[in-house]
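Printed here is final-v2.txt (compact mmCIF, C-alpha atoms):
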# COMPACT_ATOMS: atom_id res chain seq x y z
CA MET A 1 14.84 -24.81 20.54
CA SER A 2 13.57 -21.85 22.56
CA ARG A 3 10.49 -20.05 21.25
CA ALA A 4 10.81 -16.38 22.05
CA PRO A 5 8.14 -13.93 20.89
CA PHE A 6 8.23 -13.05 17.22
CA THR A 7 6.22 -10.18 15.75
CA LEU A 8 4.08 -10.89 12.71
CA LEU A 9 2.61 -7.86 10.96
CA ASP A 10 -0.43 -9.28 9.22
CA GLU A 11 -1.19 -6.53 6.65
CA GLY A 12 0.08 -4.17 9.33
CA ARG A 13 -1.80 -5.69 12.27
CA ALA A 14 0.80 -6.80 14.82
CA VAL A 15 0.49 -10.25 16.39
CA GLU A 16 3.01 -11.77 18.76
CA VAL A 17 3.70 -15.43 18.16
CA PRO A 18 6.20 -17.83 19.78
CA ALA A 19 8.75 -18.83 17.14
CA SER A 20 12.27 -20.08 16.70
CA ALA A 21 14.27 -17.93 14.33
CA SER A 22 17.62 -19.11 12.97
CA GLY A 23 19.57 -19.46 9.76
CA ASP A 24 17.19 -22.31 8.85
CA GLY A 25 14.24 -19.91 8.93
CA VAL A 26 11.41 -18.94 11.21
CA ARG A 27 9.44 -21.88 12.60
CA ILE A 28 6.05 -21.60 14.26
CA ALA A 29 4.11 -24.39 15.98
CA PRO A 30 0.90 -25.20 14.03
CA ASP A 31 -1.32 -24.23 17.00
CA ASP A 32 0.43 -20.87 17.30
CA LEU A 33 0.09 -20.25 13.55
CA ARG A 34 -3.63 -20.93 13.78
CA ALA A 35 -4.00 -18.58 16.75
CA ALA A 36 -2.05 -15.81 14.98
CA LEU A 37 -3.31 -16.02 11.39
CA GLY A 38 -6.24 -18.44 11.34
CA TRP A 39 -4.50 -20.93 9.04
CA GLU A 40 -4.80 -24.50 10.32
CA LEU A 41 -2.70 -27.53 9.42
CA LYS A 42 -5.13 -30.32 8.48
CA PRO A 43 -4.72 -33.68 6.69
CA GLN A 44 -5.77 -31.99 3.42
CA GLY A 45 -3.24 -29.17 3.81
CA LEU A 46 -3.15 -25.64 5.21
CA CYS A 47 -6.68 -24.32 5.58
CA LEU A 48 -8.26 -20.94 6.25
CA ALA A 49 -12.01 -21.44 6.64
CA GLU A 50 -13.08 -23.34 3.49
CA ARG A 51 -9.92 -22.64 1.52
CA CYS A 52 -7.15 -25.27 1.63
CA VAL A 53 -3.67 -25.23 0.14
CA PRO A 54 -2.05 -28.65 -0.32
CA VAL A 55 1.13 -29.26 1.67
CA ARG A 56 3.51 -31.46 -0.26
CA PRO A 57 6.46 -33.12 1.49
CA THR A 58 8.80 -31.30 -0.90
CA SER A 59 7.34 -27.84 -0.25
CA GLY A 60 9.38 -27.37 2.94
CA ILE A 61 6.40 -26.02 4.87
CA VAL A 62 6.19 -28.49 7.74
CA HIS A 63 9.29 -29.36 9.77
CA HIS A 64 9.80 -31.18 13.07
CA ASP A 65 10.09 -27.79 14.80
CA GLY A 66 7.03 -26.25 13.20
CA VAL A 67 5.74 -24.52 10.10
CA ASP A 68 8.33 -22.56 8.14
CA LEU A 69 7.10 -18.98 7.82
CA ALA A 70 8.64 -18.22 4.41
CA ALA A 71 7.42 -21.51 2.88
CA PHE A 72 3.98 -20.89 4.39
CA ALA A 73 3.84 -17.38 2.89
CA ALA A 74 4.84 -18.77 -0.53
CA ALA A 75 2.20 -21.52 -0.29
CA VAL A 76 -0.58 -19.04 0.47
CA GLU A 77 0.87 -16.62 -2.14
CA ARG A 78 1.41 -13.73 0.24
CA PRO A 79 4.48 -11.49 0.08
CA LEU A 80 6.74 -11.80 3.13
CA ALA A 81 9.33 -9.28 4.28
CA LEU A 82 11.41 -10.88 6.99
CA ASP A 83 14.03 -9.65 9.44
CA THR A 84 15.21 -12.70 11.34
CA ALA A 85 17.67 -10.78 13.51
CA GLU A 86 14.99 -8.30 14.63
CA ARG A 87 12.44 -11.12 14.98
CA VAL A 88 9.78 -9.41 12.94
CA ALA A 89 8.09 -10.07 9.59
CA TYR A 90 5.48 -8.30 7.47
CA LEU A 91 2.97 -10.51 5.70
CA GLY A 92 1.39 -8.48 2.92
CA ALA A 93 -1.56 -8.94 0.61
CA SER A 94 -1.03 -10.91 -2.60
CA ALA A 95 -1.03 -9.12 -5.94
CA GLY A 96 -3.75 -11.50 -7.13
CA GLU A 97 -6.08 -10.63 -4.28
CA ARG A 98 -5.51 -6.89 -4.65
CA ALA A 99 -5.91 -7.05 -8.44
CA GLU A 100 -9.15 -9.02 -8.15
CA ARG A 101 -10.58 -6.47 -5.74
CA LEU A 102 -9.66 -3.52 -7.93
CA ALA A 103 -11.00 -5.20 -11.08
CA SER A 104 -14.32 -5.86 -9.29
CA LEU A 105 -14.62 -2.02 -9.27
CA GLU A 106 -15.98 -2.24 -5.72
CA ALA A 107 -13.98 0.51 -3.97
CA PRO A 108 -11.88 -1.15 -1.22
CA ASP A 109 -12.97 0.18 2.14
CA PHE A 110 -10.68 1.77 4.71
CA THR A 111 -10.76 3.78 7.92
CA LEU A 112 -8.20 6.52 8.52
CA PRO A 113 -7.81 9.37 11.02
CA ASP A 114 -8.11 13.06 10.15
CA PHE A 115 -5.86 15.84 11.49
CA ASP A 116 -7.71 15.75 14.83
CA GLY A 117 -7.34 11.98 15.08
CA ARG A 118 -11.03 11.33 14.34
CA PRO A 119 -11.56 8.18 12.24
CA HIS A 120 -13.40 8.32 8.90
CA THR A 121 -14.59 5.30 6.89
CA LEU A 122 -14.97 5.46 3.13
CA SER A 123 -18.14 3.32 3.02
CA ALA A 124 -19.88 5.83 5.32
CA PHE A 125 -19.98 8.14 2.26
CA ARG A 126 -22.27 5.83 0.21
CA GLY A 127 -24.89 7.91 -1.55
CA THR A 128 -22.33 10.63 -2.31
CA LYS A 129 -19.86 10.92 -5.16
CA VAL A 130 -16.31 10.78 -3.79
CA LEU A 131 -13.16 12.16 -5.37
CA LEU A 132 -10.37 10.47 -3.49
CA VAL A 133 -7.10 12.38 -3.75
CA ALA A 134 -3.82 11.02 -2.40
CA TYR A 135 -1.13 13.66 -1.85
CA ALA A 136 1.93 14.11 0.35
CA SER A 137 4.22 16.76 1.78
CA TRP A 138 7.27 15.21 0.08
CA MET B 1 -17.30 15.10 -1.69
CA VAL B 2 -13.54 15.35 -1.84
CA ILE B 3 -11.56 13.16 0.54
CA THR B 4 -7.84 13.78 0.71
CA ILE B 5 -5.30 11.29 1.99
CA ALA B 6 -1.81 12.34 3.00
CA LEU B 7 0.72 9.53 2.42
CA ASP B 8 3.03 10.95 5.08
CA ARG B 9 4.89 9.70 8.15
CA CYS B 10 2.81 11.83 10.54
CA ALA B 11 0.10 14.51 10.58
CA ASP B 12 2.64 17.29 11.22
CA ASP B 13 4.33 16.93 7.80
CA PRO B 14 1.23 17.81 5.72
CA ARG B 15 -0.28 20.08 8.42
CA PRO B 16 0.99 23.35 6.84
CA PHE B 17 -0.93 22.47 3.63
CA PHE B 18 -4.01 21.61 5.68
CA GLU B 19 -3.83 24.85 7.65
CA ALA B 20 -3.27 26.95 4.51
CA ALA B 21 -6.21 25.35 2.67
CA THR B 22 -8.59 25.04 5.69
CA PRO B 23 -10.60 22.35 3.89
CA THR B 24 -14.12 21.43 5.02
CA HIS B 25 -13.87 17.94 3.48
CA PRO B 26 -12.36 14.94 5.31
CA SER B 27 -8.57 15.26 5.26
CA LEU B 28 -7.05 11.97 6.29
CA ILE B 29 -3.54 10.78 7.16
CA ASP B 30 -2.30 7.36 6.02
CA THR B 31 1.03 6.68 7.73
CA GLU B 32 0.70 2.92 7.05
CA HIS B 33 0.14 3.43 3.29
CA ARG B 34 -3.03 1.39 3.60
CA THR B 35 -4.69 3.17 0.67
CA ALA B 36 -1.52 2.91 -1.45
CA ASP B 37 -1.75 -0.86 -0.94
CA LEU B 38 -5.53 -1.13 -1.55
CA TYR B 39 -5.61 1.16 -4.60
CA ARG B 40 -2.11 0.60 -6.03
CA ILE B 41 -1.02 4.19 -5.58
CA VAL B 42 2.60 4.64 -6.67
CA ASN B 43 2.90 8.42 -6.82
CA VAL B 44 1.15 11.58 -5.71
CA PRO B 45 -1.08 13.34 -6.49
CA THR B 46 -3.37 10.47 -7.49
CA GLY B 47 -7.14 10.80 -7.94
CA ILE B 48 -9.83 8.09 -8.00
CA TRP B 49 -13.54 8.61 -8.62
CA ILE B 50 -15.99 6.56 -6.54
CA ASP B 51 -19.72 6.81 -7.28
CA GLU B 52 -22.74 6.82 -4.95
CA ARG B 53 -22.81 2.98 -4.91
CA GLY B 54 -19.17 2.76 -3.84
CA ARG B 55 -17.94 1.74 -7.31
CA ILE B 56 -14.74 2.93 -8.94
CA VAL B 57 -15.79 4.89 -12.04
CA ARG B 58 -12.47 6.49 -12.96
CA PRO B 59 -9.29 4.58 -12.07
CA ASN B 60 -6.14 5.82 -10.37
CA ALA B 61 -4.58 8.63 -12.33
CA PRO B 62 -2.38 11.63 -11.63
CA VAL B 63 -4.63 14.64 -11.08
CA PHE B 64 -3.62 18.22 -10.39
CA GLY B 65 -5.29 21.24 -8.82
CA ASN B 66 -3.24 23.71 -10.85
CA ASP B 67 -0.62 23.90 -13.59
CA ALA B 68 2.42 24.80 -11.49
CA PHE B 69 4.45 21.83 -12.78
CA VAL B 70 2.68 21.16 -16.06
CA SER B 71 5.82 21.78 -18.11
CA MET B 72 7.44 18.91 -16.21
CA HIS B 73 4.66 16.31 -16.33
CA GLY B 74 2.51 17.45 -19.27
CA ILE B 75 -0.82 16.80 -17.53
CA PRO B 76 -2.86 20.03 -17.43
CA SER B 77 -5.32 20.33 -14.54
CA GLY B 78 -8.19 21.80 -16.61
CA PRO B 79 -9.54 18.72 -18.44
CA HIS B 80 -9.77 16.68 -15.23
CA LEU B 81 -11.40 19.51 -13.27
CA ASP B 82 -13.92 20.00 -16.13
CA ALA B 83 -14.63 16.26 -16.14
CA VAL B 84 -15.21 16.31 -12.36
CA ARG B 85 -17.72 19.17 -12.79
CA ALA B 86 -19.53 17.29 -15.59
CA TRP B 87 -19.69 14.19 -13.37
CA VAL B 88 -21.06 16.10 -10.38
CA THR B 89 -23.52 18.35 -12.23
CA GLU B 90 -24.62 16.12 -15.16
CA GLY B 91 -23.69 12.62 -13.96
CA LYS B 92 -21.45 12.29 -17.02
CA LEU B 93 -18.88 9.48 -16.76
CA PRO B 94 -15.77 9.32 -18.92
CA PHE B 95 -15.75 5.49 -19.17
CA ASP B 96 -18.04 2.48 -18.80
CA ASP B 97 -17.02 -0.42 -16.51
CA ALA B 98 -15.02 -2.13 -19.26
CA GLY B 99 -13.30 1.17 -19.99
CA VAL B 100 -12.35 1.58 -16.33
CA ARG B 101 -10.96 -1.97 -16.17
CA ALA B 102 -8.99 -1.47 -19.37
CA ARG B 103 -7.31 1.58 -17.81
CA GLN B 104 -6.61 0.09 -14.39
CA LYS B 105 -3.02 -0.69 -13.50
CA LEU B 106 -3.07 -3.75 -11.30
CA PRO B 107 -0.40 -4.57 -8.72
CA THR B 108 2.39 -7.03 -9.48
CA PRO B 109 3.93 -9.53 -7.02
CA GLU B 110 7.09 -7.37 -6.93
CA GLU B 111 5.05 -4.28 -6.02
CA GLN B 112 3.25 -6.16 -3.26
CA LEU B 113 6.55 -7.50 -1.91
CA ALA B 114 7.90 -3.94 -1.99
CA ARG B 115 4.91 -2.80 0.09
CA ALA B 116 5.61 -5.57 2.60
CA GLU B 117 9.27 -4.49 2.80
CA ARG B 118 8.16 -0.87 3.28
CA GLY B 119 5.69 -1.95 5.98
CA LEU B 120 8.44 -3.85 7.79
CA ALA B 121 10.86 -0.92 7.46
CA TRP B 122 8.28 1.52 8.84
CA HIS B 123 7.60 -0.77 11.81
CA LEU B 124 11.33 -1.14 12.52
CA HIS B 125 11.86 2.61 12.24
CA ARG B 126 9.11 3.37 14.75
CA ALA B 127 10.51 0.71 17.09
CA GLY B 128 13.81 2.63 17.04
CA HIS B 129 15.70 0.13 14.86
CA SER B 130 16.72 2.62 12.18
CA GLU B 131 19.62 0.58 10.79
CA ALA B 132 17.46 -2.48 10.20
CA ALA B 133 14.73 -0.21 8.83
CA GLU B 134 17.16 1.28 6.31
CA ARG B 135 17.92 -2.17 4.84
CA HIS B 136 14.24 -2.82 4.21
CA PHE B 137 13.50 0.67 2.83
CA VAL B 138 16.34 0.12 0.33
CA ARG B 139 15.05 -3.35 -0.57
CA ALA B 140 11.51 -1.97 -1.06
CA GLY B 141 12.86 0.65 -3.46
CA GLU B 142 14.82 -1.98 -5.41
CA LEU B 143 11.71 -4.13 -5.80
CA ALA B 144 9.52 -1.25 -7.02
CA PRO B 145 11.89 1.39 -8.41
CA HIS B 146 8.94 3.26 -9.97
CA ASP B 147 7.00 3.54 -6.69
CA LEU B 148 7.53 7.10 -5.49
CA THR B 149 5.33 6.58 -2.41
CA ILE B 150 8.06 4.19 -1.30
CA ARG B 151 11.20 5.81 -2.68
CA ARG B 152 10.49 9.52 -2.24
CA GLY B 153 7.97 8.98 0.55
CA SER B 154 10.56 7.20 2.71
CA MET B 155 13.16 9.98 2.33
CA PRO B 156 11.91 12.10 5.28
CA ILE B 157 11.82 8.96 7.45
CA ARG B 158 15.38 8.05 6.42
CA GLY B 159 16.70 11.55 7.11
CA LEU B 160 16.98 12.43 3.41
CA ASP B 161 15.65 15.65 1.87
CA PRO B 162 12.78 14.75 -0.50
CA MET B 163 13.19 18.13 -2.25
CA GLY B 164 17.01 18.11 -2.28
CA PRO B 165 19.90 16.18 -3.90
CA PRO B 166 18.53 12.69 -3.00
CA PHE B 167 15.39 13.50 -4.97
CA MET B 168 17.30 15.05 -7.88
CA GLU B 169 19.36 11.87 -8.09
CA LEU B 170 16.19 9.75 -8.10
CA TYR B 171 14.59 12.02 -10.68
CA GLN B 172 17.58 11.84 -13.02
CA GLU B 173 17.78 8.06 -12.67
CA TRP B 174 14.08 7.97 -13.50
CA MET B 175 14.38 10.20 -16.57
CA ALA B 176 17.23 8.03 -17.87
CA THR B 177 14.86 5.05 -17.97
CA GLY B 178 12.57 6.93 -20.35
CA ARG B 179 9.54 6.16 -18.21
CA PRO B 180 7.09 9.03 -17.65
CA TYR B 181 7.30 10.38 -14.09
CA TYR B 182 3.50 10.18 -13.89
CA GLU B 183 1.56 7.24 -15.35
CA LYS B 184 -0.88 9.14 -17.55
CA LEU B 185 -4.42 7.73 -17.88
CA PRO B 186 -4.96 6.51 -21.48
CA ASP B 187 -7.72 8.39 -23.36
Translate this file's structure into structure tokens.
Amino acid sequence: MSRAPFTLLDEGRAVEVPASASGDGVRIAPDDLRAALGWELKPQGLCLAERCVPVRPTSGIVHHDGVDLAAFAAAVERPLALDTAERVAYLGASAGERAERLASLEAPDFTLPDFDGRPHTLSAFRGTKVLLVAYASW
Amino acid sequence: MVITIALDRCADDPRPFFEAATPTHPSLIDTEHRTADLYRIVNVPTGIWIDERGRIVRPNAPVFGNDAFVSMHGIPSGPHLDAVRAWVTEGKLPFDDAGVRARQKLPTPEEQLARAERGLAWHLHRAGHSEAAERHFVRAGELAPHDLTIRRGSMPIRGLDPMGPPFMELYQEWMATGRPYYEKLPD
């Protein structure tokens, strides 16, 4: 099966990865998955650094034509929004990871542009009390 | 230090507010809803207090600068503004760590999937695939019907008026559920 470019939005960061996309799902070669997301298929399962998730034959993760993207996302407990026709998917952050970070009370860091396009990073304001206010025009 | 974050599709949408207020504090734009994802922001305005060590000392809560809509949401601006002054001038905190945790609303798998659907929709929209984007904006709203940053926030992107009939319809649907429009911080 041909492997045309497929766009993976890893928490918003776009990575192009060769993949086959059909009614059966989106399949990515293990080497390409590792290059795109860092997860590696090893004898003990899918691993990212020291963390491994077991891959059972019944989990539907590994197929002859590659790793199934939806089954992979489920195995690593990340939400996946997929548009097979448009060849793009968004891999979000799991509720568990986000909840753990918030409950740690350590303010999650971020960098965003101001109205002139200049970037600002929250952690650069250490030493100062910060009142963060989210608003919108809508 | 106040830091404002506009959860808007571009800098031009909130620019009139910025130009009218001429703030000296950092005024940031978050088109990707990165902070909504990191802090579980589901409506605006939302305020979060972060202390000198970078710790959350008052969790996400609706906060207001004035009482223009207080009859609608029942959250007067005064008590929060007084509490901010007491924090800044006297170092007085409303809660200890356990109190902050007890009042935090943590994201659910459905909310995180909704954010992924919204992220995909936003990407598709900017790539010019508006029809595909529409499907995913709708799906995101179905997954997190209470998330106004998704449902109302996507209206301008989808060509809907966020102050007009589409919003009134959303508001009425919301009121029929009996849920408060703003998730008030428990005392």
Distance query Gly127 of chain A at most 10 Å, all atoms listed in the file, self and fewer than 4 positions along chain excluded, as a ChimeraX atom specification | /A:123 /B:51-54
What does the distance from atom CA of Ala68 of chain B to atom CA of Leu81 of chain B come to in Å, to one decimal?
->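 Interatomic distance here is 14.9 Å.
In this structure, atom CA of Asp24 of chain A sits 23.6 Å away from atom CA of Gly119 of chain B.
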Compare A:Val88, A:Leu41, A:Ala71, A:Ile61 by their minimum atom-to-atom distance to Val17 of chain A, counting all atoms listed in the file, and give me the closest one.
->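 Closest to Val17 of chain A of all the choices is A:Val88.
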Å distance separating atom CA of Leu38 of chain B from atom CA of Ala61 of chain B, one decimal place | 14.6 Å
Please identify all polymer residues within 7 Å of Pro26 of chain B, counting all atoms listed in the file, omitting same-chain residues fewer than 2 positions from it, and present them as a list in words.
-> Asp114 of chain A; Ile3, Thr4, Thr24 and Leu28 of chain B
Could you write out that same residue set with C-alpha atoms as a short mmCIF file (atom, residue, chain, number, x, y, z; two decimals), in the frame of the given file?
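File written: part_19.cif
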data_model
loop_
_atom_site.label_atom_id
_atom_site.label_comp_id
_atom_site.auth_asym_id
_atom_site.auth_seq_id
_atom_site.Cartn_x
_atom_site.Cartn_y
_atom_site.Cartn_z
CA ASP A 114 -8.11 13.06 10.15
CA ILE B 3 -11.56 13.16 0.54
CA THR B 4 -7.84 13.78 0.71
CA THR B 24 -14.12 21.43 5.02
CA LEU B 28 -7.05 11.97 6.29
#
May I have the protein, DNA and RNA residues with an atom at most 10 Å from (13.4, 1.3, 14.6), counting all atoms listed in the file in the file's coordinates, returned as a PyMOL selection string?
-> (chain A and resi 86) or (chain B and resi 120-134)
All residues 9 Å or closer to His33 of chain B, only C-alpha atoms, same chain fewer than 6 positions away omitted, as a list in words |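 My list of contacting residues is Leu7, Asp8, Ile41, Arg115, Gly119 and Thr149 of chain B.
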Each residue of chain B lying at most 6 Å from chain A should get a row with its shortest atom-to-atom pair and the distance in Å to one decimal, counting all atoms listed in the file; could you produce that, ordered by chain and increasing number, as a Markdown table?
| residue | atom | partner | partner_atom | distance |
| --- | --- | --- | --- | --- |
| B:Met1 | CA | A:Val130 | CA | 4.9 |
| B:Val2 | CA | A:Leu131 | CA | 4.8 |
| B:Ile3 | CA | A:Leu132 | CA | 5.0 |
| B:Thr4 | CA | A:Val133 | CA | 4.7 |
| B:Ile5 | CA | A:Ala134 | CA | 4.6 |
| B:Ala6 | CA | A:Ala136 | CA | 4.9 |
| B:Leu7 | CA | A:Ala136 | CA | 5.2 |
| B:Asp8 | CA | A:Ala136 | CA | 5.8 |
| B:Pro14 | CA | A:Ser137 | CA | 5.1 |
| B:Ser27 | CA | A:Asp114 | CA | 5.4 |
| B:Leu28 | CA | A:Asp114 | CA | 4.1 |
| B:Ile29 | CA | A:Asp114 | CA | 5.9 |
| B:Val44 | CA | A:Tyr135 | CA | 4.9 |
| B:Pro45 | CA | A:Tyr135 | CA | 4.7 |
| B:Thr46 | CA | A:Ala134 | CA | 5.1 |
| B:Gly47 | CA | A:Val133 | CA | 4.5 |
| B:Ile48 | CA | A:Leu132 | CA | 5.1 |
| B:Trp49 | CA | A:Leu131 | CA | 4.8 |
| B:Ile50 | CA | A:Val130 | CA | 5.0 |
| B:Asp51 | CA | A:Lys129 | CA | 4.6 |
| B:Glu52 | CA | A:Gly127 | CA | 4.2 |
| B:Arg53 | CA | A:Arg126 | CA | 5.9 |
| B:Gly54 | CA | A:Ala107 | CA | 5.7 |
| B:Arg55 | CA | A:Glu106 | CA | 4.7 |
| B:Ile56 | CA | A:Leu105 | CA | 5.0 |
| B:Leu106 | CA | A:Ala99 | CA | 5.2 |
| B:Pro107 | CA | A:Ala95 | CA | 5.4 |
| B:Thr108 | CA | A:Ala95 | CA | 5.3 |
| B:Pro109 | CA | A:Ala95 | CA | 5.1 |
| B:Gln112 | CA | A:Ala95 | CA | 5.9 |
| B:Leu113 | CA | A:Pro79 | CA | 4.9 |
| B:Ala116 | CA | A:Gly92 | CA | 5.1 |
| B:Glu117 | CA | A:Ala81 | CA | 5.0 |
| B:Leu120 | CA | A:Tyr90 | CA | 5.4 |
| B:Pro162 | CA | A:Trp138 | CA | 5.6 |
Neighbour residues at most 12 Å from (5.1, -25.3, 15.2) (all atoms listed in the file) as a JSON list (two decimals) with C-alpha atoms, in the frame of the given file:
[["chain", "number", "residue", "atom", "x", "y", "z"],
["A", 1, "MET", "CA", 14.84, -24.81, 20.54],
["A", 2, "SER", "CA", 13.57, -21.85, 22.56],
["A", 3, "ARG", "CA", 10.49, -20.05, 21.25],
["A", 17, "VAL", "CA", 3.70, -15.43, 18.16],
["A", 18, "PRO", "CA", 6.20, -17.83, 19.78],
["A", 19, "ALA", "CA", 8.75, -18.83, 17.14],
["A", 20, "SER", "CA", 12.27, -20.08, 16.70],
["A", 21, "ALA", "CA", 14.27, -17.93, 14.33],
["A", 26, "VAL", "CA", 11.41, -18.94, 11.21],
["A", 27, "ARG", "CA", 9.44, -21.88, 12.60],
["A", 28, "ILE", "CA", 6.05, -21.60, 14.26],
["A", 29, "ALA", "CA", 4.11, -24.39, 15.98],
["A", 30, "PRO", "CA", 0.90, -25.20, 14.03],
["A", 31, "ASP", "CA", -1.32, -24.23, 17.00],
["A", 32, "ASP", "CA", 0.43, -20.87, 17.30],
["A", 33, "LEU", "CA", 0.09, -20.25, 13.55],
["A", 34, "ARG", "CA", -3.63, -20.93, 13.78],
["A", 35, "ALA", "CA", -4.00, -18.58, 16.75],
["A", 36, "ALA", "CA", -2.05, -15.81, 14.98],
["A", 40, "GLU", "CA", -4.80, -24.50, 10.32],
["A", 41, "LEU", "CA", -2.70, -27.53, 9.42],
["A", 61, "ILE", "CA", 6.40, -26.02, 4.87],
["A", 62, "VAL", "CA", 6.19, -28.49, 7.74],
["A", 63, "HIS", "CA", 9.29, -29.36, 9.77],
["A", 64, "HIS", "CA", 9.80, -31.18, 13.07],
["A", 65, "ASP", "CA", 10.09, -27.79, 14.80],
["A", 66, "GLY", "CA", 7.03, -26.25, 13.20],
["A", 67, "VAL", "CA", 5.74, -24.52, 10.10],
["A", 68, "ASP", "CA", 8.33, -22.56, 8.14],
["A", 69, "LEU", "CA", 7.10, -18.98, 7.82],
["A", 72, "PHE", "CA", 3.98, -20.89, 4.39]]
Using all atoms listed in the file, which of the listed residues (B:Arg179, B:Arg118, B:Arg9, B:Arg15) sits closest to Ala144 of chain B?
-> B:Arg118
Residue among B:Pro16, B:Pro165, B:Pro59, B:Gly74 lying closest to Tyr182 of chain B, counting all atoms listed in the file =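 The closest residue to Tyr182 of chain B is B:Gly74.
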Shell around Glu16 of chain A at 7 Å using only C-alpha atoms, local window under 6 positions removed, as a ChimeraX atom specification | /A:5-8
Do a neighbour search on Lys184 of chain B at 10 Å with all atoms listed in the file, toss out local chain neighbours closer than 6 positions, and write the hits as a list in words.
->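 Residues near the query, excluding close chain neighbours: Asn60, Ala61, Pro62, Val63, His73, Gly74, Ile75 and Arg103 of chain B.
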Nearest to Glu142 of chain B by atom-to-atom distance, counting all atoms listed in the file, from B:Glu90, B:Glu111, B:Glu32, B:Tyr171 = B:Glu111
Among listed residues A:Ala4, A:Ala73, A:Arg56, A:Arg13, nearest Gln44 of chain A (using all atoms listed in the file) = A:Arg56
Writing N, CA and C atoms and nothing else, produce segment 96-108 of chain A as a short mmCIF file (atom, residue, chain, number, x, y, z; two decimals), in the first residue's frame.
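What landed in selection17.cif:
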data_model
loop_
_atom_site.label_atom_id
_atom_site.label_comp_id
_atom_site.auth_asym_id
_atom_site.auth_seq_id
_atom_site.Cartn_x
_atom_site.Cartn_y
_atom_site.Cartn_z
N GLY A 96 -5.55 12.34 32.33
CA GLY A 96 -4.77 11.96 33.51
C GLY A 96 -3.52 12.80 33.67
N GLU A 97 -2.83 13.01 32.53
CA GLU A 97 -1.59 13.80 32.60
C GLU A 97 -1.90 15.25 32.96
N ARG A 98 -2.91 15.81 32.33
CA ARG A 98 -3.28 17.20 32.61
C ARG A 98 -3.74 17.35 34.07
N ALA A 99 -4.53 16.39 34.54
CA ALA A 99 -5.06 16.47 35.91
C ALA A 99 -3.91 16.38 36.91
N GLU A 100 -2.96 15.49 36.65
CA GLU A 100 -1.83 15.32 37.55
C GLU A 100 -1.02 16.61 37.64
N ARG A 101 -0.82 17.25 36.49
CA ARG A 101 -0.06 18.50 36.49
C ARG A 101 -0.77 19.60 37.25
N LEU A 102 -2.07 19.71 37.05
CA LEU A 102 -2.82 20.75 37.76
C LEU A 102 -2.83 20.49 39.26
N ALA A 103 -3.01 19.22 39.64
CA ALA A 103 -3.09 18.88 41.06
C ALA A 103 -1.73 19.04 41.75
N SER A 104 -0.64 19.04 40.97
CA SER A 104 0.69 19.28 41.56
C SER A 104 0.81 20.73 42.02
N LEU A 105 -0.08 21.59 41.51
CA LEU A 105 -0.13 23.03 41.78
C LEU A 105 1.03 23.80 41.15
N GLU A 106 1.91 23.09 40.47
CA GLU A 106 2.99 23.74 39.71
C GLU A 106 2.32 24.32 38.45
N ALA A 107 2.36 25.64 38.28
CA ALA A 107 1.65 26.25 37.16
C ALA A 107 2.25 25.78 35.83
N PRO A 108 1.48 25.13 34.97
CA PRO A 108 2.02 24.68 33.68
C PRO A 108 2.56 25.88 32.88
#
